[in-house]
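Containing mmCIF, C-alpha atoms: entry_0.cif.
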data_structure
#
loop_
_atom_site.label_atom_id
_atom_site.label_comp_id
_atom_site.auth_asym_id
_atom_site.auth_seq_id
_atom_site.Cartn_x
_atom_site.Cartn_y
_atom_site.Cartn_z
CA MET A 4 0.00 0.00 0.00
CA ASN A 5 1.55 3.33 -1.03
CA ARG A 6 1.93 6.24 1.38
CA ARG A 7 -0.78 8.40 -0.16
CA LEU A 8 -3.33 5.62 0.12
CA VAL A 9 -2.17 4.89 3.68
CA LEU A 10 -2.66 8.54 4.63
CA ALA A 11 -6.05 8.71 2.89
CA SER A 12 -7.16 5.53 4.67
CA SER A 13 -5.92 6.79 8.05
CA VAL A 14 -7.74 10.09 7.59
CA ALA A 15 -10.92 8.34 6.43
CA GLY A 16 -10.98 6.05 9.46
CA ALA A 17 -10.36 8.89 11.91
CA VAL A 18 -12.97 11.13 10.26
CA LEU A 19 -15.56 8.35 10.21
CA VAL A 20 -15.25 7.83 13.96
CA ALA A 21 -15.22 11.59 14.68
CA LEU A 22 -18.33 12.18 12.56
CA ASP A 23 -20.15 9.28 14.18
CA GLY A 24 -19.65 10.77 17.62
CA THR A 25 -20.78 14.28 16.71
CA VAL A 26 -23.81 13.44 14.56
CA LEU A 27 -25.16 10.93 17.11
CA THR A 28 -25.77 13.71 19.62
CA VAL A 29 -27.98 15.51 17.10
CA ALA A 30 -29.84 12.32 16.21
CA GLN A 31 -30.63 11.14 19.75
CA PRO A 32 -33.76 13.24 20.49
CA PRO A 33 -35.62 12.29 17.27
CA LEU A 34 -34.40 8.70 17.66
CA GLN A 35 -35.96 8.61 21.13
CA ARG A 36 -39.29 9.92 19.85
CA SER A 37 -39.36 7.64 16.82
CA LEU A 38 -38.62 4.42 18.72
CA GLY A 39 -40.50 5.30 21.88
CA ALA A 40 -37.38 4.85 23.98
CA SER A 41 -36.66 6.10 27.48
CA PHE A 42 -33.96 8.67 28.19
CA ALA A 43 -31.82 6.00 29.89
CA GLU A 44 -32.08 3.74 26.83
CA VAL A 45 -31.02 6.55 24.53
CA GLN A 46 -28.05 7.31 26.78
CA TRP A 47 -26.98 3.69 26.35
CA THR A 48 -26.57 4.27 22.61
CA SER A 49 -23.55 6.37 23.60
CA THR A 50 -22.45 4.45 26.69
CA ALA A 51 -22.49 1.02 25.03
CA TYR A 52 -20.28 2.25 22.21
CA LEU A 53 -17.89 4.02 24.55
CA VAL A 54 -17.45 1.04 26.87
CA ALA A 55 -16.87 -1.35 23.95
CA VAL A 56 -14.34 0.79 22.13
CA ALA A 57 -12.37 1.95 25.20
CA SER A 58 -12.00 -1.55 26.62
CA LEU A 59 -10.68 -3.13 23.40
CA LEU A 60 -8.38 -0.51 21.83
CA VAL A 61 -5.09 -1.84 23.20
CA PHE A 62 -5.88 -5.48 22.43
CA ALA A 63 -7.03 -4.50 18.95
CA GLY A 64 -3.70 -2.72 18.46
CA ARG A 65 -1.92 -5.92 19.49
CA LEU A 66 -3.98 -7.86 16.96
CA GLY A 67 -2.81 -5.43 14.30
CA ASP A 68 0.82 -5.94 15.30
CA ARG A 69 0.39 -9.69 14.94
CA TYR A 70 -1.90 -10.05 11.94
CA GLY A 71 -1.30 -6.82 10.03
CA GLN A 72 -2.51 -3.25 10.55
CA ARG A 73 -4.17 -3.12 7.14
CA ARG A 74 -6.15 -6.25 7.83
CA MET A 75 -7.48 -4.89 11.15
CA PHE A 76 -8.28 -1.57 9.48
CA ALA A 77 -10.20 -3.32 6.71
CA LEU A 78 -12.20 -5.49 9.11
CA GLY A 79 -12.92 -2.50 11.34
CA MET A 80 -14.08 -0.27 8.48
CA LEU A 81 -16.25 -2.94 6.87
CA GLY A 82 -17.80 -3.88 10.20
CA PHE A 83 -18.34 -0.25 11.17
CA GLY A 84 -20.09 0.46 7.89
CA ALA A 85 -22.27 -2.65 8.18
CA ALA A 86 -23.24 -1.82 11.76
CA SER A 87 -24.10 1.75 10.73
CA ALA A 88 -26.38 0.45 7.98
CA GLY A 89 -27.97 -1.92 10.48
CA ILE A 90 -28.72 0.93 12.90
CA ALA A 91 -30.41 2.86 10.09
CA LEU A 92 -32.77 -0.11 9.66
CA ALA A 93 -33.17 -0.99 13.37
CA PRO A 94 -36.79 -1.70 14.38
CA ASP A 95 -36.39 -0.81 18.08
CA ILE A 96 -33.98 0.68 20.62
CA GLY A 97 -32.65 -2.74 21.66
CA TRP A 98 -31.31 -3.31 18.17
CA VAL A 99 -29.75 0.14 18.14
CA ILE A 100 -27.91 -0.47 21.42
CA GLY A 101 -26.71 -3.91 20.31
CA LEU A 102 -25.45 -2.57 17.00
CA ARG A 103 -23.72 0.32 18.78
CA VAL A 104 -21.77 -2.29 20.75
CA ALA A 105 -20.80 -3.91 17.44
CA GLN A 106 -19.78 -0.48 16.15
CA GLY A 107 -17.61 -0.03 19.23
CA VAL A 108 -15.83 -3.34 18.62
CA CYS A 109 -15.20 -2.39 14.99
CA GLY A 110 -14.12 1.10 15.99
CA ALA A 111 -11.59 -0.46 18.35
CA LEU A 112 -10.20 -2.52 15.46
CA LEU A 113 -9.78 0.40 13.07
CA GLN A 114 -8.65 3.25 15.33
CA PRO A 115 -5.23 1.91 16.41
CA ALA A 116 -4.66 0.74 12.83
CA THR A 117 -5.08 4.29 11.50
CA LEU A 118 -1.98 5.24 13.52
CA GLY A 119 -0.19 1.91 13.13
CA MET A 120 -0.36 2.12 9.34
CA LEU A 121 1.20 5.60 9.40
CA ARG A 122 4.02 4.39 11.66
CA LEU A 123 4.72 1.54 9.29
CA ALA A 124 4.53 3.59 6.10
CA TYR A 125 6.50 6.69 7.12
CA PRO A 126 10.00 6.92 8.60
CA PRO A 127 10.05 8.48 12.10
CA ASP A 128 11.42 11.82 10.93
CA ARG A 129 8.51 12.24 8.47
CA LEU A 130 5.63 11.24 10.74
CA ALA A 131 4.67 14.69 12.01
CA MET A 132 3.07 15.98 8.81
CA PRO A 133 0.79 12.95 8.21
CA LEU A 134 -0.30 13.20 11.85
CA ALA A 135 -1.01 16.91 11.33
CA VAL A 136 -3.16 16.16 8.28
CA ARG A 137 -5.04 13.54 10.27
CA THR A 138 -5.62 15.94 13.17
CA SER A 139 -6.83 18.72 10.86
CA ALA A 140 -9.30 16.30 9.28
CA ILE A 141 -10.62 15.32 12.71
CA GLY A 142 -11.11 19.00 13.51
CA LEU A 143 -13.05 19.54 10.30
CA ALA A 144 -15.20 16.49 10.99
CA ALA A 145 -15.95 17.66 14.53
CA ALA A 146 -17.02 21.05 13.19
CA ALA A 147 -19.04 19.68 10.28
CA GLY A 148 -20.71 16.85 12.21
CA PRO A 149 -23.43 18.87 13.98
CA LEU A 150 -24.24 20.76 10.77
CA LEU A 151 -24.49 17.60 8.68
CA GLY A 152 -26.41 15.82 11.41
CA GLY A 153 -28.83 18.71 11.79
CA ALA A 154 -29.46 18.88 8.05
CA LEU A 155 -30.07 15.14 7.79
CA VAL A 156 -32.32 14.98 10.85
CA SER A 157 -34.35 17.95 9.59
CA GLY A 158 -34.65 16.38 6.13
CA PRO A 159 -34.68 12.60 5.63
CA GLY A 160 -34.70 11.85 9.37
CA TRP A 161 -32.44 10.39 12.04
CA ARG A 162 -31.88 7.11 10.19
CA ALA A 163 -30.08 8.98 7.40
CA VAL A 164 -27.46 10.10 9.96
CA PHE A 165 -26.21 6.53 10.29
CA LEU A 166 -26.03 6.09 6.52
CA LEU A 167 -23.60 9.02 6.24
CA GLY A 168 -20.45 6.96 6.62
CA VAL A 169 -21.57 3.64 5.15
CA VAL A 170 -20.23 4.14 1.61
CA PRO A 171 -16.81 5.57 2.67
CA ALA A 172 -16.41 2.77 5.21
CA LEU A 173 -17.15 0.06 2.65
CA VAL A 174 -14.98 1.68 -0.05
CA PHE A 175 -11.88 2.17 2.12
CA GLY A 176 -12.39 -1.14 3.90
CA ALA A 177 -12.62 -3.06 0.63
CA ALA A 178 -9.60 -1.19 -0.80
CA ALA A 179 -7.51 -2.10 2.25
CA LEU A 180 -8.64 -5.72 2.13
CA ALA A 181 -7.74 -5.97 -1.56
CA GLY A 182 -4.39 -4.24 -1.13
CA GLY A 183 -2.32 -7.38 -1.03
CA THR A 184 -1.42 -10.30 1.20
CA CYS A 185 -0.66 -9.41 4.80
CA VAL A 186 2.65 -10.76 6.08
CA LYS A 187 2.39 -12.15 9.58
CA GLY A 188 5.79 -13.64 10.19
CA ALA A 189 6.72 -16.19 12.84
CA ALA A 190 8.28 -13.49 15.02
CA GLY A 191 4.99 -11.67 15.56
CA PRO A 192 4.03 -10.90 19.17
CA ALA A 193 2.09 -13.52 21.08
CA LEU A 194 -1.40 -12.70 22.30
CA ASP A 195 -1.75 -12.35 26.07
CA LEU A 196 -5.43 -13.23 26.30
CA PRO A 197 -5.68 -13.21 30.14
CA GLY A 198 -3.99 -9.82 30.19
CA ALA A 199 -6.30 -8.55 27.45
CA LEU A 200 -9.38 -9.69 29.38
CA LEU A 201 -8.19 -8.06 32.61
CA LEU A 202 -7.37 -4.79 30.86
CA ALA A 203 -10.72 -4.82 29.05
CA LEU A 204 -12.53 -5.39 32.36
CA THR A 205 -10.54 -2.59 34.02
CA LEU A 206 -11.26 -0.04 31.30
CA ALA A 207 -14.89 -1.10 30.77
CA CYS A 208 -15.68 -0.75 34.48
CA LEU A 209 -13.77 2.53 34.73
CA VAL A 210 -15.58 4.10 31.78
CA HIS A 211 -19.00 2.80 32.83
CA SER A 212 -18.57 3.98 36.41
CA LEU A 213 -17.68 7.48 35.21
CA VAL A 214 -20.92 7.79 33.24
CA ALA A 215 -23.01 6.09 35.94
CA SER A 216 -23.99 7.34 39.39
CA GLY A 217 -24.62 6.19 42.94
CA ALA A 218 -23.94 2.59 43.90
CA VAL A 219 -23.28 1.56 40.31
CA ARG A 220 -20.43 4.07 40.08
CA ALA A 221 -18.91 2.91 43.38
CA ALA A 222 -19.13 -0.77 42.45
CA GLY A 223 -17.65 -0.10 39.02
CA LEU A 224 -14.68 1.76 40.48
CA VAL A 225 -14.02 -1.06 42.96
CA VAL A 226 -14.06 -3.69 40.22
CA ALA A 227 -11.87 -1.49 38.01
CA VAL A 228 -9.26 -1.14 40.76
CA LEU A 229 -9.23 -4.88 41.55
CA ALA A 230 -9.01 -5.82 37.87
CA GLY A 231 -6.29 -3.21 37.34
CA VAL A 232 -4.18 -4.64 40.16
CA ALA A 233 -4.63 -8.14 38.75
CA PHE A 234 -3.65 -6.86 35.30
CA VAL A 235 -0.42 -5.30 36.60
CA ARG A 236 0.52 -8.53 38.38
CA ARG A 237 -0.22 -10.51 35.22
CA GLU A 238 1.88 -8.20 33.07
CA ARG A 239 4.89 -8.50 35.38
CA ARG A 240 4.84 -12.30 35.11
CA ALA A 241 3.82 -12.78 31.46
CA ALA A 242 6.48 -13.89 28.98
CA ASP A 243 4.79 -11.80 26.25
CA PRO A 244 2.89 -9.03 28.05
CA LEU A 245 0.08 -7.18 26.33
CA LEU A 246 1.89 -3.89 27.00
CA PRO A 247 5.55 -4.33 26.00
CA PRO A 248 7.97 -2.75 28.51
CA GLY A 249 9.60 -0.82 25.66
CA VAL A 250 6.34 1.07 25.17
CA ILE A 251 4.72 1.41 28.57
CA GLY A 252 8.10 1.73 30.32
CA SER A 253 9.18 4.66 28.16
CA ALA A 254 9.10 7.94 30.12
CA PRO A 255 8.35 10.05 27.00
CA VAL A 256 5.45 7.77 26.00
CA ALA A 257 3.99 7.74 29.51
CA ALA A 258 4.30 11.54 29.73
CA ALA A 259 2.69 12.04 26.31
CA LEU A 260 -0.22 9.77 27.25
CA GLY A 261 -0.64 11.64 30.53
CA VAL A 262 -0.76 14.97 28.70
CA LEU A 263 -3.33 13.63 26.21
CA ILE A 264 -5.60 12.45 29.03
CA ALA A 265 -5.28 15.76 30.90
CA VAL A 266 -5.83 18.10 27.95
CA SER A 267 -8.71 16.07 26.52
CA ALA A 268 -10.32 15.99 29.98
CA ALA A 269 -9.86 19.76 30.34
CA LEU A 270 -11.17 20.46 26.82
CA PHE A 271 -14.28 18.30 26.89
CA GLY A 272 -15.11 19.22 30.46
CA THR A 273 -14.83 22.89 29.51
CA LEU A 274 -17.07 22.39 26.46
CA PHE A 275 -19.65 20.63 28.62
CA VAL A 276 -19.76 23.51 31.12
CA GLU A 277 -19.63 26.19 28.43
CA THR A 278 -22.68 24.72 26.69
CA TYR A 279 -24.73 25.48 29.81
CA VAL A 280 -23.16 28.92 30.14
CA LEU A 281 -24.01 29.87 26.55
CA GLN A 282 -27.54 28.47 26.48
CA ARG A 283 -28.73 28.80 30.07
CA ASP A 284 -26.85 31.80 31.45
CA LEU A 285 -26.43 33.87 28.27
CA GLY A 286 -29.75 32.81 26.70
CA LEU A 287 -28.35 31.77 23.31
CA ASP A 288 -30.04 29.14 21.15
CA PRO A 289 -28.06 26.05 20.03
CA PHE A 290 -27.18 27.57 16.65
CA GLN A 291 -25.91 30.81 18.18
CA SER A 292 -23.92 28.78 20.72
CA ALA A 293 -22.36 26.76 17.92
CA LEU A 294 -21.33 29.95 16.13
CA ARG A 295 -19.54 31.21 19.26
CA SER A 296 -17.45 28.02 19.36
CA VAL A 297 -16.44 28.06 15.66
CA PRO A 298 -12.97 29.53 16.48
CA LEU A 299 -12.16 26.31 18.34
CA ALA A 300 -12.58 24.15 15.24
CA VAL A 301 -10.91 26.72 12.95
CA LEU A 302 -7.81 27.07 15.14
CA MET A 303 -7.60 23.33 15.75
CA VAL A 304 -7.47 22.77 12.00
CA ALA A 305 -5.10 25.69 11.40
CA SER A 306 -2.67 24.88 14.23
CA ALA A 307 -2.06 21.25 13.30
CA PRO A 308 0.01 21.93 10.12
CA TRP A 309 2.29 24.29 12.06
CA CYS A 310 3.08 21.65 14.66
CA PRO A 311 5.67 19.76 12.52
CA VAL A 312 7.56 23.05 12.09
CA LEU A 313 7.57 23.61 15.84
CA LEU A 314 8.69 20.04 16.49
CA ARG A 315 11.69 20.52 14.20
CA ARG A 316 12.63 23.91 15.65
CA VAL A 317 12.02 23.57 19.38
CA GLY A 318 11.18 19.89 19.98
CA ALA A 319 8.22 18.16 21.57
CA ARG A 320 9.08 19.36 25.08
CA TRP A 321 8.54 23.06 24.44
CA THR A 322 5.80 22.52 21.85
CA VAL A 323 3.60 20.42 24.13
CA GLY A 324 4.34 22.51 27.23
CA ALA A 325 3.43 25.80 25.54
CA ALA A 326 0.34 24.36 23.81
CA THR A 327 -0.95 22.86 27.07
CA ALA A 328 -0.50 26.24 28.76
CA LEU A 329 -2.44 27.90 25.92
CA LEU A 330 -5.31 25.46 26.38
CA ALA A 331 -5.37 26.21 30.12
CA LEU A 332 -5.36 29.94 29.36
CA GLY A 333 -8.33 29.43 27.04
CA GLY A 334 -10.29 27.80 29.85
CA ALA A 335 -9.41 30.67 32.20
CA VAL A 336 -10.53 33.25 29.61
CA LEU A 337 -13.86 31.45 29.14
CA SER A 338 -14.44 31.47 32.90
CA GLN A 339 -14.73 35.27 32.71
CA ALA A 340 -16.08 35.70 29.16
CA THR A 341 -19.58 36.89 28.29
CA GLY A 342 -19.09 38.95 25.12
CA THR A 343 -18.63 37.57 21.61
CA VAL A 344 -14.99 38.68 21.29
CA ALA A 345 -13.93 37.27 24.64
CA LEU A 346 -15.72 33.98 23.96
CA GLY A 347 -14.08 33.76 20.53
CA CYS A 348 -10.63 34.35 22.07
CA GLY A 349 -11.20 31.66 24.68
CA PHE A 350 -12.36 29.09 22.15
CA ALA A 351 -9.50 30.02 19.80
CA LEU A 352 -6.95 29.37 22.56
CA LEU A 353 -8.59 26.01 23.30
CA GLY A 354 -8.43 24.99 19.64
CA THR A 355 -4.83 26.13 19.17
CA GLY A 356 -3.67 24.31 22.28
CA PHE A 357 -5.55 21.08 21.65
CA GLY A 358 -4.70 20.83 17.95
CA THR A 359 -1.01 21.30 18.68
CA VAL A 360 -0.93 18.87 21.60
CA MET A 361 -2.79 16.25 19.57
CA VAL A 362 -0.14 16.24 16.86
CA ALA A 363 2.94 16.62 19.06
CA ALA A 364 1.99 14.15 21.81
CA THR A 365 0.73 11.58 19.30
CA HIS A 366 3.99 12.00 17.37
CA VAL A 367 5.94 11.12 20.53
CA VAL A 368 3.81 8.04 21.28
CA VAL A 369 3.87 6.64 17.75
CA ARG A 370 7.47 7.54 16.90
CA GLN A 371 8.93 6.11 20.10
CA ALA A 372 7.34 2.72 19.38
CA GLU A 373 9.12 0.14 17.27
CA VAL A 374 7.27 -0.96 14.18
CA THR A 375 6.50 -4.33 15.78
CA VAL A 376 4.40 -2.67 18.49
CA ALA A 377 2.99 0.25 16.47
CA GLY A 378 -0.56 -1.03 16.96
CA VAL A 379 -0.22 -1.16 20.75
CA ALA A 380 1.14 2.40 20.71
CA GLY A 381 -1.82 3.51 18.60
CA GLY A 382 -4.20 1.68 20.93
CA LEU A 383 -2.74 3.44 23.97
CA GLN A 384 -3.05 6.85 22.29
CA GLN A 385 -6.67 6.20 21.35
CA THR A 386 -7.43 4.88 24.85
CA ALA A 387 -6.09 8.11 26.35
CA LEU A 388 -8.31 10.15 24.03
CA ASN A 389 -11.35 8.06 24.97
CA ILE A 390 -10.82 8.10 28.74
CA GLY A 391 -9.82 11.77 29.00
CA PRO A 392 -13.16 13.19 27.75
CA VAL A 393 -15.14 10.85 30.01
CA LEU A 394 -13.09 11.99 33.01
CA GLY A 395 -13.50 15.62 32.01
CA VAL A 396 -17.28 15.47 31.60
CA ALA A 397 -17.63 13.50 34.86
CA ALA A 398 -15.55 16.12 36.68
CA ALA A 399 -17.48 18.96 35.06
CA THR A 400 -20.80 17.39 36.09
CA ALA A 401 -19.60 17.10 39.69
CA LEU A 402 -18.30 20.70 39.69
CA MET A 403 -21.40 22.33 38.22
CA GLY A 404 -22.87 22.71 41.71
CA THR A 405 -20.03 25.10 42.58
CA GLY A 406 -20.90 27.37 39.66
CA PRO A 407 -19.67 27.40 36.06
CA ARG A 408 -16.85 29.90 36.71
CA THR A 409 -15.32 27.72 39.42
CA ALA A 410 -15.78 24.60 37.29
CA LEU A 411 -13.99 26.21 34.34
CA LEU A 412 -11.09 27.37 36.51
CA VAL A 413 -10.68 23.90 38.03
CA LEU A 414 -10.63 22.33 34.56
CA ALA A 415 -8.05 24.91 33.45
CA ALA A 416 -5.97 23.90 36.49
CA VAL A 417 -6.09 20.28 35.31
CA ALA A 418 -4.38 21.37 32.09
CA VAL A 419 -1.84 23.46 34.02
CA MET A 420 -0.90 20.43 36.12
CA ALA A 421 -0.04 18.55 32.91
CA VAL A 422 2.52 21.17 31.82
CA PRO A 423 5.36 19.69 33.96
CA LEU A 424 4.90 16.35 32.18
CA ALA A 425 6.21 18.01 29.03
CA ARG A 426 9.67 18.11 30.63
CA LEU A 427 9.87 14.34 30.08
CA LEU A 428 9.32 14.67 26.32
CA PRO A 429 12.17 14.81 23.79
CA GLY A 430 13.80 18.18 23.22
CA ARG A 431 15.05 19.70 20.01
CA GLY A 432 17.15 17.30 17.95
CA VAL A 433 16.45 14.28 20.18
CA VAL A 434 15.86 11.22 18.01
CA SER A 435 13.83 8.18 18.87
CA LEU A 436 15.66 5.76 21.14
CA THR A 437 13.71 2.80 19.81
CA ARG A 438 14.12 3.09 16.08
CA SER A 439 14.49 -0.35 14.70
CA ALA A 440 16.76 -1.38 11.91
CA GLY A 441 13.70 -2.13 9.83
CA ASP A 442 12.27 1.41 9.87
CA GLY A 443 11.41 2.31 6.32
CA VAL A 444 12.56 -1.11 5.02
CA LEU A 445 9.49 -3.22 5.55
CA ASP A 446 7.76 -5.60 3.25
CA GLY A 447 4.37 -7.06 2.53
CA ASP A 448 1.68 -5.45 4.64
CA HIS A 449 4.10 -2.89 5.99
CA ALA A 450 6.01 -1.82 2.89
CA PRO A 451 6.34 1.94 2.39
CA ARG A 452 6.28 3.23 -1.14
#

Rewritten as structure tokens:
Amino acid sequence: MNRRLVLASSVAGAVLVALDGTVLTVAQPPLQRSLGASFAEVQWTSTAYLVAVASLLVFAGRLGDRYGQRRMFALGMLGFGAASAGIALAPDIGWVIGLRVAQGVCGALLQPATLGMLRLAYPPDRLAMPLAVRTSAIGLAAAAGPLLGGALVSGPGWRAVFLLGVVPALVFGAAALAGGTCVKGAAGPALDLPGALLLALTLACLVHSLVASGAVRAAGLVVAVLAGVAFVRRERRAADPLLPPGVIGSAPVAAALGVLIAVSAALFGTLFVETYVLQRDLGLDPFQSALRSVPLAVLMVASAPWCPVLLRRVGARWTVGAATALLALGGAVLSQATGTVALGCGFALLGTGFGTVMVAATHVVVRQAEVTVAGVAGGLQQTALNIGPVLGVAAATALMGTGPRTALLVLAAVAVMAVPLARLLPGRGVVSLTRSAGDGVLDGDHAPR
């Protein structure tokens, strides 16, 4: 598979998942009315997907390392498209929830592969620009999703929302599947199934407890802790652990993942609070609120292409540290903002900071990984970006009782606390310590062109 097709496939997979998340929010109210579902049942259309995808991302990345990233991407895209078509034809809410679980499994297969394929196709010193293109596309999808979803819901209806990505998913999935024979190789990593089950249980319980309440939340957290402890013990004893020490034991990778969790928590928590500020406190309708937040999407898209330049000139350490500080400043500005200009400045700072961190921190995670564990690295990055928003929204919900200004300042402080982690990232001119001799000289499924 040539590099252009790899990049196009990676972007298509990332955009498909981003669009699915944004348009679903628009489709949920009419879906509820059409199927006669309860509010709790409709919430499970989001929760079921989130639990499924978050719990399986790392194991799916390991499957890609063993059986080929392109193969996992193809299966994920084809399955995602088929599940989407099924939801559009679902007769009741039970079918929708079940198919959302299937979508989550398929999303877990394709998301790490979108990064793993880039790592395999591009040499480490040329990874930043493809990652920037991918991040810009995600920003565009996040901005366009509510508009597309609103237009489809207002016209053909909510079922058309789920047909939006069917054709692209089937086209790119079929192209990847027909791209040639995947090379597995006898030296591929073994599958640590007990470790995978324990990690899946840990993440599933953690995510579910964060979106639940009361006794269910407490029980979920207890099970998550117990399963997490068992997973760590298993990993220490396993001959072929699910998380290779070269990845999880790398200080730059751990720091980059920590930053991604913190900034995504701060961003999505801030957006959750700011939605109430704009619509409840300032009296704006949803469309006017969306217009106020446009600078976030614009600056996220615009900042991503500049990130490779910053990485070359000042390194990941200063790039991530400064961008994280900008995101925190954006949250602080929004805590005081009421006018259009001030709101625009706050959202612009959020978009600039998050777009830059996304590219730079992802670059560290993916570049530091050897090609044989590129899928695991991609799975860890995607896991961080799935858990962070859930943590942020849960924290924002708990803080709303203290007032939106306090909540926004606390969330900005979360981003500030992540700034010191940037000191562990590579500085200017620091090359990857784990570059393998095979970088850029791969064959079969992994051959760059």

Given the file shown, enumerate the residues that the PyMOL selection byres ((chain A and resi 98-107) around 10) captures and present them as a VMD selection string. chain A and resid 20 23 34 38 44 to 60 79 to 80 82 to 97 108 to 113

Mind checking which residues fall within 7 Å of Ala364 in chain A, counting all atoms listed in the file, ignoring those fewer than 2 positions away in the same chain, and posting them as a VMD selection string? chain A and resid 259 263 323 360 to 362 366 to 368

Selected residues written out, C-alpha atoms, as a PDB file, in the coordinates of the input:
ATOM      1  CA  ALA A 259       2.690  12.040  26.310  1.00  0.00           C
ATOM      2  CA  LEU A 263      -3.330  13.630  26.210  1.00  0.00           C
ATOM      3  CA  VAL A 323       3.600  20.420  24.130  1.00  0.00           C
ATOM      4  CA  VAL A 360      -0.930  18.870  21.600  1.00  0.00           C
ATOM      5  CA  MET A 361      -2.790  16.250  19.570  1.00  0.00           C
ATOM      6  CA  VAL A 362      -0.140  16.240  16.860  1.00  0.00           C
ATOM      7  CA  HIS A 366       3.990  12.000  17.370  1.00  0.00           C
ATOM      8  CA  VAL A 367       5.940  11.120  20.530  1.00  0.00           C
ATOM      9  CA  VAL A 368       3.810   8.040  21.280  1.00  0.00           C
TER      10      VAL A 368
END

Answer key for the PyMOL selection byres ((chain A and resi 394) around 10), residues as an mmCIF file with C-alpha atoms, keeping the file's coordinate frame:
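Full text of expr-v1.cif as output:
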data_model
loop_
_atom_site.group_PDB
_atom_site.id
_atom_site.type_symbol
_atom_site.label_atom_id
_atom_site.label_comp_id
_atom_site.auth_asym_id
_atom_site.auth_seq_id
_atom_site.Cartn_x
_atom_site.Cartn_y
_atom_site.Cartn_z
ATOM 1 C CA LEU A 209 -13.770 2.530 34.730
ATOM 2 C CA VAL A 210 -15.580 4.100 31.780
ATOM 3 C CA LEU A 213 -17.680 7.480 35.210
ATOM 4 C CA VAL A 214 -20.920 7.790 33.240
ATOM 5 C CA ILE A 264 -5.600 12.450 29.030
ATOM 6 C CA ALA A 265 -5.280 15.760 30.900
ATOM 7 C CA SER A 267 -8.710 16.070 26.520
ATOM 8 C CA ALA A 268 -10.320 15.990 29.980
ATOM 9 C CA ALA A 269 -9.860 19.760 30.340
ATOM 10 C CA PHE A 271 -14.280 18.300 26.890
ATOM 11 C CA GLY A 272 -15.110 19.220 30.460
ATOM 12 C CA ASN A 389 -11.350 8.060 24.970
ATOM 13 C CA ILE A 390 -10.820 8.100 28.740
ATOM 14 C CA GLY A 391 -9.820 11.770 29.000
ATOM 15 C CA PRO A 392 -13.160 13.190 27.750
ATOM 16 C CA VAL A 393 -15.140 10.850 30.010
ATOM 17 C CA GLY A 395 -13.500 15.620 32.010
ATOM 18 C CA VAL A 396 -17.280 15.470 31.600
ATOM 19 C CA ALA A 397 -17.630 13.500 34.860
ATOM 20 C CA ALA A 398 -15.550 16.120 36.680
ATOM 21 C CA ALA A 399 -17.480 18.960 35.060
ATOM 22 C CA THR A 400 -20.800 17.390 36.090
#

I'd like to know which of A:Gly168, A:Gly148, A:Gly39, A:Pro127 is closest to Gly16 in chain A, using only C-alpha atoms.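 Smallest separation from Gly16 in chain A among the options: A:Gly168.
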
List as a list of chain:residue names the protein and nucleic acid residues near Leu424 in chain A, meaning an atom at most 9 Å away when only C-alpha atoms are counted, but skip any in the same chain fewer than 5 places from it.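 My list of contacting residues is A:Pro255, A:Ala258, A:Ala259, A:Gly261, A:Val262, A:Arg320, A:Gly324.
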
For the PyMOL selection byres ((chain A and resi 63) around 9), applied here, can you spell out every residue it catches as a PyMOL selection string? chain A and resi 59-62+64-68+75+108+111-116+378-379+382

Would you export the selected residues with C-alpha atoms as a compact mmCIF listing (two decimals), keeping the file's coordinate frame, please?
# COMPACT_ATOMS: atom_id res chain seq x y z
CA LEU A 59 -10.68 -3.13 23.40
CA LEU A 60 -8.38 -0.51 21.83
CA VAL A 61 -5.09 -1.84 23.20
CA PHE A 62 -5.88 -5.48 22.43
CA GLY A 64 -3.70 -2.72 18.46
CA ARG A 65 -1.92 -5.92 19.49
CA LEU A 66 -3.98 -7.86 16.96
CA GLY A 67 -2.81 -5.43 14.30
CA ASP A 68 0.82 -5.94 15.30
CA MET A 75 -7.48 -4.89 11.15
CA VAL A 108 -15.83 -3.34 18.62
CA ALA A 111 -11.59 -0.46 18.35
CA LEU A 112 -10.20 -2.52 15.46
CA LEU A 113 -9.78 0.40 13.07
CA GLN A 114 -8.65 3.25 15.33
CA PRO A 115 -5.23 1.91 16.41
CA ALA A 116 -4.66 0.74 12.83
CA GLY A 378 -0.56 -1.03 16.96
CA VAL A 379 -0.22 -1.16 20.75
CA GLY A 382 -4.20 1.68 20.93

Point-to-point distance from CA of Gly342 in chain A to CA of Thr405 in chain A, Å rounded to tenths: 22.3 Å

Within 12 Å of (12.4, 17.9, 21.7), in the coordinates the file gives, what residues turn up when you count all atoms listed in the file, written out as a ChimeraX atom specification? /A:255,311-324,363-364,366-367,425-435

In Å to one decimal, how far is CA of Gly153 in chain A from CA of Pro32 in chain A? 11.4 Å

Coordinates of range 393-405 of chain A, C-alpha atoms, as a compact mmCIF listing (two decimals), in the first residue's frame:
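Below you can see out_24.txt, which holds the result:
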# COMPACT_ATOMS: atom_id res chain seq x y z
CA VAL A 393 -15.14 10.85 30.01
CA LEU A 394 -13.09 11.99 33.01
CA GLY A 395 -13.50 15.62 32.01
CA VAL A 396 -17.28 15.47 31.60
CA ALA A 397 -17.63 13.50 34.86
CA ALA A 398 -15.55 16.12 36.68
CA ALA A 399 -17.48 18.96 35.06
CA THR A 400 -20.80 17.39 36.09
CA ALA A 401 -19.60 17.10 39.69
CA LEU A 402 -18.30 20.70 39.69
CA MET A 403 -21.40 22.33 38.22
CA GLY A 404 -22.87 22.71 41.71
CA THR A 405 -20.03 25.10 42.58
